[in-house]
Amino acid sequence: MFETIETDVLVIGGGIAGAFAAYKARASGARVLLVDRSYFGRSGCSALASGVYPSYMPGDRTEDWINGLGAGPLVNQSLLVKSLPVMYEHLTTMDRWGVKWLKEGRQIVRLGAPGRAFKNGVWMTEGGPQMMMAVRAGVLAGGVDVLNRVALTRLLTSDGKLPTEGRVIGAVGFHVRTGAIYALHAKATVMCAGPYKFPYPWPGSTLGYMPVDLSGDGIAMMLEAGAELSRLELGGINLNPDHLLCAPGLESLMPSGAKFVEKNGRRFLADYDPKRMEMTSRALLYFAVAHQKELGNAPSMDLREIGLERMELLKNAIPIVMASYEGSGVDITNQPVPYSYQVAGTAGIFGAGARISERGETTIPGLFAGGTCTDLAYLPGGHLPFCSVTGHWAGEAAGAYAIGARREPLAPRQIEQALSDIEEPLTRRDGARYAPVHRRLGELLMEKVGLVLRADRLQTALDRLLRLRADEVDRLYAADPHELAKVWGLKHYTRVLEATLRAYLYRTESRVAFIREDYPVIDNVNWVKMVIVQKQGAALKLWDEPLPESFHVVPVRPTQHVHLVFRQKETADAAVR
Amino acid sequence: MLPYVEVNKSACTGCGVCVETCPPDVLRLDSDNKAFMAYPDDCQGCFVCQWDCKYEALRVRVR
């Protein structure tokens, strides 16, 4: 038994990308249904945002933005420039919806970082939770329908096949409380369910940070449908304070004067980016902290020199982070906060997934995507506005597509198969139990992938992953619909992880936070390219394509130099290879 | 450290807002119509329930 719901545009995911996608699709005149695995306005990363929406304002110099964000050779810089006025439009739209921005009088103000002239940070005075609930209210007032607590498992296609040679015509999934199954039948589908990381970490594991349920469902569904994915290899790591399940809040902490120090109090960013220090690109910052941890230097974040006034602002802008510190007995006014990193097997917030056009079109007709499950969101900083902008573009294009498109019928056999697959873990009473399988998968990541990558270890990780997936993940038992959602999360996660490990193996260079011991050179001669992954039949195919010259506002210099990790340490021999 | 939700049962009115909004779907109402952690392992300590409870019946703690 299942319920079919028909709509013109189906938007999957209720973060800021999904919100703007739904809003813009509805504004084009299409009927829109937004589906969230959790609760629209409270789910995913956006509600736990780091307190700052970096925004362009009229009169800004575009080169300041490119330099300020550290947009390197692999970033679509031209698109970044195009996104700037849209950010400002979103800022004012959200202001109208009631998002509480820091203002002087009625004027929204921006704050910069100490010692830097470039100011782009618009602060939320009541944090991400208030921002997303106001956004939710604005989107609902625009006439978007919402279905909460429905976890989707598969995209539906016009030819009934996965991968498809036809169109995407919706998705199928289940309610995470009642187990009721839904077939959502649409003319256009917009995927905004990213990013992905190891889901539901166990307490104390270094795999943990909020939100816990990012299992890459959206990327996995697009992969299974045959969409081309890219940039999977460029994410790598995420940071979190030791032993806290906590979003780190770096967007507001770094420009407030937070310093990363090693055990003797030295600011180690001097070794990585002496000019910009903690305001370096987010990817390099993440890498530097992780690297110091690997070297045994006990990296920690020192907040002791932040003034009282700014500290008050922080308490309101990143309430979760500050409440987590307080609740766990960490006195940030008295001691630095120790930091850990989350190992590879994640694209984190850096943006990886469907290869999309500037209109949010994936390589499959009828399927659009926005936010961090796409390759266009790849940007080493400023993710929230890039998500809202790519969501906006995808929603606008999907709305126009849906209005012109004919409704393709659902394929009965595909629905039948999807239903049976969804429910199968509930009936497999002799199946593997979630907790031990989940833990083995996490341990495999930590032991065999790690921070510094090497072909033999990656190959072992891949072999073990494929065995674990076939023998255990795909044979899991779920006690109820709540656990079924977690089981499907692991199924999806292991599919994206396979694609990611293969992309790691494919890129034979090092770059920012992607570090290969066996290929230590940052290679701007051969690797200003994207690595594409696509499911063809039952197998994943990989190839590379050069980035078009149109990507680059700042021309790429054809240099080859050894990554600073290998210049700094005793691994000089690796540099020679 | 393990986050958990402490429920003041005399303050909880059973309105269900926390059950509706909890991101990782941890909370339910018990037979007395009071909030409780049905899936304690999945609590991420995000404070959403604490903020959304207008009766101040929920506190996020760490053990």
# chains A, B, ... in the order shown; residues from 1 in each chain; ligands from 1
call {"tool": "residues_around", "arguments": {"residues": "segment 44-56 of chain B", "least_positions_apart": "2", "cutoff": "10 Å", "atoms": "only C-alpha atoms", "output": "CSV table (one decimal) with all heavy atoms, in the first residue's frame"}}
result
chain,number,residue,atom,x,y,z
A,42,ARG,N,14.0,23.1,10.9
A,42,ARG,CA,14.8,22.6,12.0
A,42,ARG,C,15.8,21.6,11.6
A,42,ARG,O,16.6,21.1,12.4
A,42,ARG,CB,13.8,22.0,13.0
A,42,ARG,CG,13.0,23.0,13.9
A,42,ARG,CD,14.0,23.9,14.6
A,42,ARG,NE,13.3,24.7,15.6
A,42,ARG,CZ,13.7,26.0,15.8
A,42,ARG,NH1,14.6,26.5,15.1
A,42,ARG,NH2,13.1,26.7,16.7
A,47,ALA,N,19.8,25.2,9.8
A,47,ALA,CA,19.3,25.6,11.1
A,47,ALA,C,20.4,25.7,12.2
A,47,ALA,O,20.2,26.3,13.2
A,47,ALA,CB,18.2,24.7,11.6
A,48,LEU,N,21.5,25.0,11.9
A,48,LEU,CA,22.6,25.0,12.9
A,48,LEU,C,23.7,25.9,12.3
A,48,LEU,O,24.9,25.8,12.6
A,48,LEU,CB,23.2,23.6,13.1
A,48,LEU,CG,22.1,22.5,13.4
A,48,LEU,CD1,22.8,21.2,13.6
A,48,LEU,CD2,21.4,22.9,14.7
A,129,PRO,N,18.8,28.9,14.1
A,129,PRO,CA,17.4,28.4,14.4
A,129,PRO,C,16.3,29.5,14.1
A,129,PRO,O,15.3,29.2,13.5
A,129,PRO,CB,17.4,28.1,15.9
A,129,PRO,CG,18.9,27.8,16.2
A,129,PRO,CD,19.7,28.7,15.3
A,200,TYR,N,25.3,9.6,12.3
A,200,TYR,CA,25.0,9.1,13.6
A,200,TYR,C,26.3,8.6,14.3
A,200,TYR,O,26.4,7.4,14.6
A,200,TYR,CB,24.0,8.0,13.6
A,200,TYR,CG,22.6,8.5,13.2
A,200,TYR,CD1,22.2,8.5,11.9
A,200,TYR,CD2,21.8,9.1,14.2
A,200,TYR,CE1,20.9,8.9,11.5
A,200,TYR,CE2,20.5,9.6,13.8
A,200,TYR,CZ,20.1,9.5,12.5
A,200,TYR,OH,18.9,10.0,12.1
A,201,PRO,N,27.3,9.4,14.5
A,201,PRO,CA,28.5,8.9,15.1
A,201,PRO,C,28.3,8.5,16.6
A,201,PRO,O,27.3,9.0,17.2
A,201,PRO,CB,29.4,10.2,15.1
A,201,PRO,CG,28.5,11.3,15.1
A,201,PRO,CD,27.3,10.9,14.3
A,203,PRO,N,29.1,8.5,20.6
A,203,PRO,CA,29.7,9.6,21.4
A,203,PRO,C,31.2,9.3,21.7
A,203,PRO,O,31.6,8.1,22.0
A,203,PRO,CB,28.9,9.5,22.7
A,203,PRO,CG,27.6,8.8,22.3
A,203,PRO,CD,27.9,7.9,21.2
A,208,GLY,N,32.3,12.6,14.9
A,208,GLY,CA,31.1,13.3,15.3
A,208,GLY,C,31.0,14.8,15.1
A,208,GLY,O,32.0,15.5,15.4
A,209,TYR,N,30.0,15.3,14.6
A,209,TYR,CA,29.6,16.7,14.8
A,209,TYR,C,28.1,16.8,14.3
A,209,TYR,O,27.6,15.9,13.6
A,209,TYR,CB,30.5,17.6,14.1
A,209,TYR,CG,30.3,17.8,12.6
A,209,TYR,CD1,29.8,19.0,12.1
A,209,TYR,CD2,30.6,16.8,11.7
A,209,TYR,CE1,29.6,19.2,10.7
A,209,TYR,CE2,30.5,17.0,10.3
A,209,TYR,CZ,29.9,18.2,9.8
A,209,TYR,OH,29.7,18.3,8.5
A,210,MET,N,27.5,17.9,14.7
A,210,MET,CA,26.1,18.1,14.3
A,210,MET,C,26.1,18.6,12.9
A,210,MET,O,27.0,19.4,12.5
A,210,MET,CB,25.5,19.1,15.2
A,210,MET,CG,25.1,18.6,16.6
A,210,MET,SD,24.0,19.7,17.4
A,210,MET,CE,25.0,21.0,17.9
A,211,PRO,N,24.9,18.4,12.2
A,211,PRO,CA,23.8,17.5,12.5
A,211,PRO,C,24.2,16.1,12.3
A,211,PRO,O,25.1,15.8,11.4
A,211,PRO,CB,22.7,17.9,11.6
A,211,PRO,CG,23.4,18.7,10.5
A,211,PRO,CD,24.7,19.2,11.0
A,212,VAL,N,23.6,15.2,13.0
A,212,VAL,CA,24.0,13.8,13.0
A,212,VAL,C,23.5,13.0,11.8
A,212,VAL,O,24.1,11.9,11.5
A,212,VAL,CB,23.7,13.0,14.3
A,212,VAL,CG1,24.4,13.6,15.5
A,212,VAL,CG2,22.1,13.0,14.5
A,213,ASP,N,22.5,13.5,11.1
A,213,ASP,CA,21.8,12.6,10.2
A,213,ASP,C,22.1,12.9,8.7
A,213,ASP,O,21.4,12.6,7.8
A,213,ASP,CB,20.3,12.6,10.4
A,213,ASP,CG,19.7,14.0,10.3
A,213,ASP,OD1,20.5,15.0,10.2
A,213,ASP,OD2,18.5,14.2,10.3
A,244,LEU,N,32.6,17.0,21.7
A,244,LEU,CA,31.3,17.6,21.7
A,244,LEU,C,30.6,17.3,20.4
A,244,LEU,O,31.3,17.4,19.3
A,244,LEU,CB,31.5,19.1,21.8
A,244,LEU,CG,31.7,19.7,23.2
A,244,LEU,CD1,31.9,21.2,23.0
A,244,LEU,CD2,30.6,19.4,24.1
A,245,LEU,N,29.4,16.9,20.4
A,245,LEU,CA,28.6,16.8,19.2
A,245,LEU,C,28.1,18.2,18.8
A,245,LEU,O,27.1,18.6,19.2
A,245,LEU,CB,27.4,15.9,19.4
A,245,LEU,CG,27.6,14.4,19.3
A,245,LEU,CD1,26.3,13.7,19.5
A,245,LEU,CD2,28.2,14.0,18.0
A,246,CYS,N,29.0,19.0,18.1
A,246,CYS,CA,28.7,20.4,18.1
A,246,CYS,C,29.1,20.9,16.7
A,246,CYS,O,30.2,20.7,16.2
A,246,CYS,CB,29.5,21.1,19.2
A,246,CYS,SG,29.2,22.8,19.2
A,247,ALA,N,28.2,21.7,16.1
A,247,ALA,CA,28.6,22.4,14.9
A,247,ALA,C,29.7,23.5,15.3
A,247,ALA,O,29.5,24.1,16.4
A,247,ALA,CB,27.4,23.1,14.3
A,319,PRO,N,24.1,30.2,19.2
A,319,PRO,CA,23.6,29.8,20.5
A,319,PRO,C,23.9,28.3,20.8
A,319,PRO,O,24.2,27.9,22.0
A,319,PRO,CB,22.1,30.0,20.5
A,319,PRO,CG,21.8,30.1,19.0
A,319,PRO,CD,23.0,30.7,18.3
A,320,ILE,N,23.9,27.5,19.8
A,320,ILE,CA,24.1,26.0,20.0
A,320,ILE,C,25.5,25.8,20.5
A,320,ILE,O,25.8,25.0,21.4
A,320,ILE,CB,23.8,25.2,18.8
A,320,ILE,CG1,22.3,25.4,18.4
A,320,ILE,CG2,24.1,23.7,18.9
A,320,ILE,CD1,22.0,24.9,17.0
A,321,VAL,N,26.4,26.4,19.8
A,321,VAL,CA,27.9,26.2,20.1
A,321,VAL,C,28.2,26.7,21.5
A,321,VAL,O,28.8,26.0,22.3
A,321,VAL,CB,28.8,27.0,19.1
A,321,VAL,CG1,30.2,26.8,19.4
A,321,VAL,CG2,28.5,26.6,17.7
A,323,ALA,N,26.0,27.2,24.0
A,323,ALA,CA,25.3,26.4,25.0
A,323,ALA,C,26.0,25.1,25.2
A,323,ALA,O,26.0,24.5,26.3
A,323,ALA,CB,23.9,26.3,24.6
A,324,SER,N,26.5,24.5,24.1
A,324,SER,CA,27.2,23.2,24.2
A,324,SER,C,28.5,23.3,25.1
A,324,SER,O,28.7,22.5,25.9
A,324,SER,CB,27.6,22.7,22.8
A,324,SER,OG,26.5,22.5,22.0
A,327,GLY,N,27.2,23.8,28.6
A,327,GLY,CA,26.6,22.5,29.1
A,327,GLY,C,27.6,21.4,29.4
A,327,GLY,O,27.4,20.6,30.3
B,2,LEU,N,27.8,12.7,26.5
B,2,LEU,CA,26.5,12.3,25.9
B,2,LEU,C,25.4,13.3,26.2
B,2,LEU,O,25.1,13.5,27.4
B,2,LEU,CB,26.2,10.9,26.5
B,2,LEU,CG,25.2,10.0,25.7
B,2,LEU,CD1,25.8,9.7,24.4
B,2,LEU,CD2,25.0,8.7,26.5
B,3,PRO,N,24.9,13.9,25.2
B,3,PRO,CA,23.8,14.9,25.5
B,3,PRO,C,22.5,14.1,25.7
B,3,PRO,O,22.3,13.0,25.2
B,3,PRO,CB,23.7,15.7,24.2
B,3,PRO,CG,24.2,14.8,23.1
B,3,PRO,CD,25.2,13.8,23.7
B,4,TYR,N,21.7,14.7,26.6
B,4,TYR,CA,20.3,14.1,26.8
B,4,TYR,C,19.4,15.2,27.2
B,4,TYR,O,19.8,16.4,27.5
B,4,TYR,CB,20.4,13.0,27.9
B,4,TYR,CG,20.6,13.5,29.3
B,4,TYR,CD1,19.6,13.7,30.2
B,4,TYR,CD2,21.9,13.9,29.7
B,4,TYR,CE1,19.8,14.2,31.5
B,4,TYR,CE2,22.2,14.3,31.0
B,4,TYR,CZ,21.1,14.5,31.9
B,4,TYR,OH,21.3,15.0,33.1
B,5,VAL,N,18.1,14.9,27.1
B,5,VAL,CA,17.0,15.9,27.4
B,5,VAL,C,16.4,15.6,28.7
B,5,VAL,O,15.9,14.4,28.9
B,5,VAL,CB,16.0,15.9,26.2
B,5,VAL,CG1,14.9,16.9,26.5
B,5,VAL,CG2,16.6,16.1,24.9
B,6,GLU,N,16.4,16.6,29.6
B,6,GLU,CA,15.8,16.4,30.9
B,6,GLU,C,14.4,17.0,30.8
B,6,GLU,O,14.3,18.1,30.5
B,6,GLU,CB,16.7,17.1,31.9
B,6,GLU,CG,16.3,16.8,33.4
B,6,GLU,CD,17.3,17.6,34.3
B,6,GLU,OE1,17.1,18.8,34.5
B,6,GLU,OE2,18.3,17.0,34.7
B,7,VAL,N,13.4,16.2,31.2
B,7,VAL,CA,12.0,16.7,31.1
B,7,VAL,C,11.5,16.9,32.5
B,7,VAL,O,11.5,16.1,33.3
B,7,VAL,CB,11.1,15.6,30.4
B,7,VAL,CG1,9.7,16.2,30.2
B,7,VAL,CG2,11.7,15.3,29.0
B,8,ASN,N,11.0,18.2,32.7
B,8,ASN,CA,10.3,18.5,33.9
B,8,ASN,C,8.8,18.1,33.7
B,8,ASN,O,8.1,18.9,33.0
B,8,ASN,CB,10.5,20.0,34.2
B,8,ASN,CG,9.7,20.4,35.4
B,8,ASN,OD1,8.9,19.7,35.9
B,8,ASN,ND2,10.0,21.6,35.9
B,11,ALA,N,6.0,20.5,34.4
B,11,ALA,CA,5.9,21.7,33.5
B,11,ALA,C,5.4,21.3,32.1
B,11,ALA,O,4.8,22.1,31.4
B,11,ALA,CB,7.2,22.4,33.4
B,12,CYS,N,5.7,20.0,31.7
B,12,CYS,CA,5.3,19.6,30.3
B,12,CYS,C,3.8,19.5,30.2
B,12,CYS,O,3.1,18.8,31.0
B,12,CYS,CB,5.9,18.2,30.0
B,12,CYS,SG,5.4,17.5,28.4
B,13,THR,N,3.2,20.2,29.2
B,13,THR,CA,1.8,20.2,29.0
B,13,THR,C,1.4,19.1,27.9
B,13,THR,O,0.2,19.0,27.7
B,13,THR,CB,1.3,21.5,28.5
B,13,THR,OG1,1.9,21.8,27.2
B,13,THR,CG2,1.7,22.6,29.4
B,15,CYS,N,2.0,19.3,24.7
B,15,CYS,CA,1.6,20.0,23.5
B,15,CYS,C,2.2,19.4,22.3
B,15,CYS,O,1.7,19.6,21.2
B,15,CYS,CB,1.9,21.5,23.6
B,15,CYS,SG,3.7,21.9,23.4
B,16,GLY,N,3.3,18.7,22.4
B,16,GLY,CA,3.9,18.0,21.3
B,16,GLY,C,4.8,18.8,20.4
B,16,GLY,O,5.3,18.2,19.4
B,17,VAL,N,5.0,20.0,20.7
B,17,VAL,CA,5.9,20.9,19.8
B,17,VAL,C,7.3,20.3,19.6
B,17,VAL,O,7.8,20.1,18.5
B,17,VAL,CB,5.9,22.3,20.2
B,17,VAL,CG1,7.0,23.1,19.5
B,17,VAL,CG2,4.6,23.0,19.9
B,18,CYS,N,7.8,19.8,20.8
B,18,CYS,CA,9.2,19.3,20.7
B,18,CYS,C,9.3,18.0,19.9
B,18,CYS,O,10.2,17.7,19.2
B,18,CYS,CB,9.7,19.0,22.1
B,18,CYS,SG,8.7,17.9,23.1
B,19,VAL,N,8.2,17.2,20.0
B,19,VAL,CA,8.1,16.0,19.2
B,19,VAL,C,8.1,16.3,17.7
B,19,VAL,O,8.7,15.6,16.9
B,19,VAL,CB,6.9,15.1,19.6
B,19,VAL,CG1,6.7,13.9,18.8
B,19,VAL,CG2,6.9,14.8,21.1
B,20,GLU,N,7.4,17.4,17.4
B,20,GLU,CA,7.2,17.8,16.0
B,20,GLU,C,8.5,18.3,15.4
B,20,GLU,O,8.9,18.0,14.3
B,20,GLU,CB,6.2,18.9,15.9
B,20,GLU,CG,5.7,19.1,14.5
B,20,GLU,CD,4.5,20.1,14.5
B,20,GLU,OE1,4.0,20.5,15.5
B,20,GLU,OE2,4.1,20.4,13.3
B,21,THR,N,9.3,19.0,16.2
B,21,THR,CA,10.5,19.7,15.6
B,21,THR,C,11.8,19.1,15.9
B,21,THR,O,12.8,19.4,15.2
B,21,THR,CB,10.5,21.2,16.1
B,21,THR,OG1,10.7,21.2,17.5
B,21,THR,CG2,9.3,22.0,15.7
B,22,CYS,N,11.9,18.1,16.8
B,22,CYS,CA,13.3,17.5,17.1
B,22,CYS,C,13.9,17.0,15.8
B,22,CYS,O,13.4,16.1,15.2
B,22,CYS,CB,13.1,16.4,18.1
B,22,CYS,SG,14.6,15.4,18.3
B,23,PRO,N,15.1,17.6,15.5
B,23,PRO,CA,15.6,17.2,14.2
B,23,PRO,C,15.9,15.7,14.0
B,23,PRO,O,15.5,15.1,13.0
B,23,PRO,CB,16.9,18.1,14.1
B,23,PRO,CG,16.6,19.3,14.9
B,23,PRO,CD,15.8,18.7,16.1
B,24,PRO,N,16.6,15.1,15.0
B,24,PRO,CA,16.9,13.6,14.8
B,24,PRO,C,15.7,12.7,15.2
B,24,PRO,O,15.9,11.5,15.4
B,24,PRO,CB,18.2,13.4,15.5
B,24,PRO,CG,18.4,14.5,16.4
B,24,PRO,CD,17.4,15.6,16.1
B,26,VAL,N,14.0,12.2,18.1
B,26,VAL,CA,14.3,11.5,19.4
B,26,VAL,C,13.1,11.4,20.3
B,26,VAL,O,13.0,10.5,21.0
B,26,VAL,CB,15.5,12.2,20.1
B,26,VAL,CG1,15.7,11.7,21.5
B,26,VAL,CG2,16.8,12.0,19.3
B,27,LEU,N,12.2,12.4,20.3
B,27,LEU,CA,11.2,12.6,21.3
B,27,LEU,C,9.9,12.0,20.9
B,27,LEU,O,9.5,12.0,19.7
B,27,LEU,CB,11.1,14.1,21.7
B,27,LEU,CG,12.4,14.7,22.2
B,27,LEU,CD1,12.2,16.2,22.2
B,27,LEU,CD2,12.7,14.2,23.6
B,40,PRO,N,17.1,7.7,22.7
B,40,PRO,CA,18.2,8.6,23.4
B,40,PRO,C,19.5,8.5,22.7
B,40,PRO,O,20.2,9.5,22.7
B,40,PRO,CB,18.3,7.9,24.8
B,40,PRO,CG,17.6,6.6,24.7
B,40,PRO,CD,16.6,6.7,23.6
B,41,ASP,N,19.9,7.4,22.0
B,41,ASP,CA,21.2,7.3,21.3
B,41,ASP,C,21.3,8.4,20.2
B,41,ASP,O,22.4,8.7,19.8
B,41,ASP,CB,21.3,6.0,20.6
B,41,ASP,CG,21.5,4.9,21.7
B,41,ASP,OD1,21.7,5.2,22.9
B,41,ASP,OD2,21.5,3.7,21.3
B,42,ASP,N,20.2,8.9,19.7
B,42,ASP,CA,20.2,9.8,18.5
B,42,ASP,C,20.2,11.3,18.9
B,42,ASP,O,20.3,12.1,18.0
B,42,ASP,CB,19.1,9.5,17.6
B,42,ASP,CG,19.2,8.1,17.0
B,42,ASP,OD1,20.3,7.5,17.1
B,42,ASP,OD2,18.1,7.5,16.6
B,58,LEU,N,11.8,21.5,29.1
B,58,LEU,CA,12.9,20.7,28.6
B,58,LEU,C,14.3,21.4,28.8
B,58,LEU,O,14.4,22.6,28.5
B,58,LEU,CB,12.7,20.4,27.1
B,58,LEU,CG,11.4,19.7,26.7
B,58,LEU,CD1,11.4,19.4,25.2
B,58,LEU,CD2,11.3,18.4,27.4
B,59,ARG,N,15.3,20.7,29.3
B,59,ARG,CA,16.6,21.2,29.4
B,59,ARG,C,17.6,20.2,28.7
B,59,ARG,O,17.4,19.0,29.0
B,59,ARG,CB,17.1,21.3,30.8
B,59,ARG,CG,16.2,22.2,31.7
B,59,ARG,CD,16.3,23.7,31.3
B,59,ARG,NE,17.6,24.2,31.5
B,59,ARG,CZ,17.9,25.5,31.2
B,59,ARG,NH1,17.0,26.3,30.7
B,59,ARG,NH2,19.1,25.9,31.4
B,60,VAL,N,18.5,20.7,27.9
B,60,VAL,CA,19.5,19.8,27.3
B,60,VAL,C,20.7,19.7,28.3
B,60,VAL,O,21.2,20.7,28.8
B,60,VAL,CB,20.0,20.2,25.9
B,60,VAL,CG1,21.1,19.3,25.4
B,60,VAL,CG2,18.8,20.2,25.0
B,61,ARG,N,21.1,18.5,28.6
B,61,ARG,CA,22.2,18.3,29.6
B,61,ARG,C,23.2,17.4,28.9
B,61,ARG,O,23.0,16.8,27.9
B,61,ARG,CB,21.7,17.6,30.9
B,61,ARG,CG,20.5,18.4,31.5
B,61,ARG,CD,21.0,19.3,32.5
B,61,ARG,NE,20.0,19.9,33.3
B,61,ARG,CZ,20.0,21.1,33.9
B,61,ARG,NH1,21.1,21.9,33.7
B,61,ARG,NH2,19.0,21.5,34.6
B,62,VAL,N,24.4,17.3,29.6
B,62,VAL,CA,25.4,16.4,29.1
B,62,VAL,C,25.8,15.5,30.3
B,62,VAL,O,26.0,16.0,31.4
B,62,VAL,CB,26.7,17.2,28.7
B,62,VAL,CG1,27.8,16.3,28.3
B,62,VAL,CG2,26.3,18.1,27.5
call {"tool": "select_by_dssp", "arguments": {"residues": "segment 266-496 of chain A", "states": "strand (DSSP E or B)", "output": "ChimeraX atom specification"}}
result
/A:267,300-302,337-342,353-354,361,367-369,374,432,452-453,476
call {"tool": "write_last_selection", "arguments": {"atoms": "C-alpha atoms", "output": "PDB file, in the first residue's frame"}}
result
ATOM      1  CA  ARG A 267      49.467  30.218  16.300  1.00  0.00           C
ATOM      2  CA  SER A 300      42.911  24.055  20.193  1.00  0.00           C
ATOM      3  CA  MET A 301      40.847  27.174  19.665  1.00  0.00           C
ATOM      4  CA  ASP A 302      41.685  30.091  21.923  1.00  0.00           C
ATOM      5  CA  VAL A 337      39.047  24.391  23.430  1.00  0.00           C
ATOM      6  CA  PRO A 338      40.724  21.223  22.103  1.00  0.00           C
ATOM      7  CA  TYR A 339      39.806  20.340  18.536  1.00  0.00           C
ATOM      8  CA  SER A 340      39.505  17.109  16.565  1.00  0.00           C
ATOM      9  CA  TYR A 341      38.834  16.434  12.957  1.00  0.00           C
ATOM     10  CA  GLN A 342      36.571  14.060  11.177  1.00  0.00           C
ATOM     11  CA  GLY A 353      27.656  15.845  -5.848  1.00  0.00           C
ATOM     12  CA  ALA A 354      25.604  16.333  -8.956  1.00  0.00           C
ATOM     13  CA  GLU A 361      20.173  21.166 -14.313  1.00  0.00           C
ATOM     14  CA  LEU A 367      16.271  16.421 -12.263  1.00  0.00           C
ATOM     15  CA  PHE A 368      17.653  19.672 -10.868  1.00  0.00           C
ATOM     16  CA  ALA A 369      19.846  20.216  -7.824  1.00  0.00           C
ATOM     17  CA  THR A 374      26.030  19.731  -6.111  1.00  0.00           C
ATOM     18  CA  ALA A 432      22.663  -7.810  10.842  1.00  0.00           C
ATOM     19  CA  VAL A 452      46.935  11.566   4.394  1.00  0.00           C
ATOM     20  CA  LEU A 453      45.837   9.276   1.581  1.00  0.00           C
ATOM     21  CA  LEU A 476      20.531  -4.938   8.041  1.00  0.00           C
TER      22      LEU A 476
END
call {"tool": "residues_around", "arguments": {"residues": "segment 134-136 of chain A", "least_positions_apart": "2", "cutoff": "8 Å", "atoms": "only C-alpha atoms", "output": "PyMOL selection string"}}
result
chain A and resi 16+19+40-41+94+97-99+130-132+138-140
call {"tool": "write_last_selection", "arguments": {"atoms": "C-alpha atoms", "output": "compact mmCIF listing (two decimals), in the first residue's frame"}}
result
# COMPACT_ATOMS: atom_id res chain seq x y z
CA ILE A 16 18.26 27.02 2.88
CA ALA A 19 13.75 26.69 0.87
CA PHE A 40 11.41 21.90 7.54
CA GLY A 41 13.06 24.78 9.40
CA MET A 94 15.00 37.18 4.40
CA TRP A 97 10.54 37.44 6.18
CA GLY A 98 11.68 38.44 9.66
CA VAL A 99 15.20 37.01 9.90
CA GLN A 130 15.60 31.80 14.16
CA MET A 131 16.82 32.36 10.59
CA MET A 132 15.44 29.08 9.30
CA GLY A 138 8.24 33.09 4.25
CA VAL A 139 8.27 30.01 2.04
CA LEU A 140 4.98 28.69 3.45
call {"tool": "residues_around", "arguments": {"residues": "Val81 of chain A", "least_positions_apart": "2", "cutoff": "9 Å", "atoms": "only C-alpha atoms", "output": "list of chain:residue names"}}
result
A:Thr62, A:Glu63, A:Trp65, A:Ile66, A:Asn76, A:Gln77, A:Ser78, A:Leu79, A:Ser83, A:Leu84, A:Pro85, A:Val553
call {"tool": "write_last_selection", "arguments": {"atoms": "C-alpha atoms", "output": "tab-separated table (two decimals), in the first residue's frame"}}
result
chain	number	residue	atom	x	y	z
A	62	THR	CA	34.23	41.47	-7.07
A	63	GLU	CA	37.99	40.91	-6.78
A	65	TRP	CA	35.18	38.63	-2.93
A	66	ILE	CA	37.35	36.24	-4.93
A	76	ASN	CA	33.94	28.43	-10.66
A	77	GLN	CA	34.93	32.05	-10.07
A	78	SER	CA	32.71	33.45	-12.83
A	79	LEU	CA	29.73	31.85	-11.18
A	83	SER	CA	25.95	34.86	-7.49
A	84	LEU	CA	26.87	38.08	-5.70
A	85	PRO	CA	23.80	40.22	-6.51
A	553	VAL	CA	38.34	35.34	-13.38
call {"tool": "residues_around", "arguments": {"residues": "Leu156 of chain A", "least_positions_apart": "4", "cutoff": "7 Å", "atoms": "only C-alpha atoms", "output": "list in words"}}
result
Gly160, Val168, Ile169, Gly170, Ala171 and Val172 of chain A
call {"tool": "atom_distance", "arguments": {"atom1": "atom CA of Phe268 of chain A", "atom2": "atom CA of Val562 of chain A"}}
result
19.5 Å
call {"tool": "select_by_dssp", "arguments": {"residues": "segment 11-189 of chain A", "states": "helix (DSSP H, G or I)", "output": "PyMOL selection string"}}
result
chain A and resi 16-27+46-48+62-69+77-97+127-141
call {"tool": "residues_around", "arguments": {"residues": "segment 457-466 of chain A", "least_positions_apart": "5", "cutoff": "10 Å", "atoms": "only C-alpha atoms", "output": "mmCIF file with C-alpha atoms, in the first residue's frame"}}
result
data_model
loop_
_atom_site.group_PDB
_atom_site.id
_atom_site.type_symbol
_atom_site.label_atom_id
_atom_site.label_comp_id
_atom_site.auth_asym_id
_atom_site.auth_seq_id
_atom_site.Cartn_x
_atom_site.Cartn_y
_atom_site.Cartn_z
ATOM 1 C CA ARG A 440 32.755 -1.284 11.949
ATOM 2 C CA LEU A 441 32.193 1.095 9.060
ATOM 3 C CA LEU A 444 37.276 1.228 8.687
ATOM 4 C CA LEU A 445 37.220 4.911 7.739
ATOM 5 C CA MET A 446 39.464 5.979 10.591
ATOM 6 C CA GLU A 447 41.984 3.168 10.147
ATOM 7 C CA LYS A 448 42.238 2.872 6.384
ATOM 8 C CA VAL A 449 41.439 6.274 4.946
ATOM 9 C CA GLY A 450 42.668 8.909 7.392
ATOM 10 C CA ASP A 471 27.503 -8.798 3.547
ATOM 11 C CA GLU A 472 26.142 -6.501 6.256
ATOM 12 C CA VAL A 473 24.820 -3.049 5.305
ATOM 13 C CA THR A 494 28.098 3.488 1.594
ATOM 14 C CA ARG A 495 27.119 4.127 -2.028
ATOM 15 C CA LEU A 497 31.520 6.528 -0.041
ATOM 16 C CA GLU A 498 32.397 4.034 -2.776
ATOM 17 C CA ALA A 499 32.184 6.816 -5.359
ATOM 18 C CA THR A 500 34.288 9.071 -3.118
ATOM 19 C CA LEU A 501 37.045 6.505 -2.541
ATOM 20 C CA ARG A 502 37.241 5.817 -6.269
ATOM 21 C CA TYR A 504 40.282 9.786 -4.281
ATOM 22 C CA LEU A 505 42.189 7.110 -6.157
#
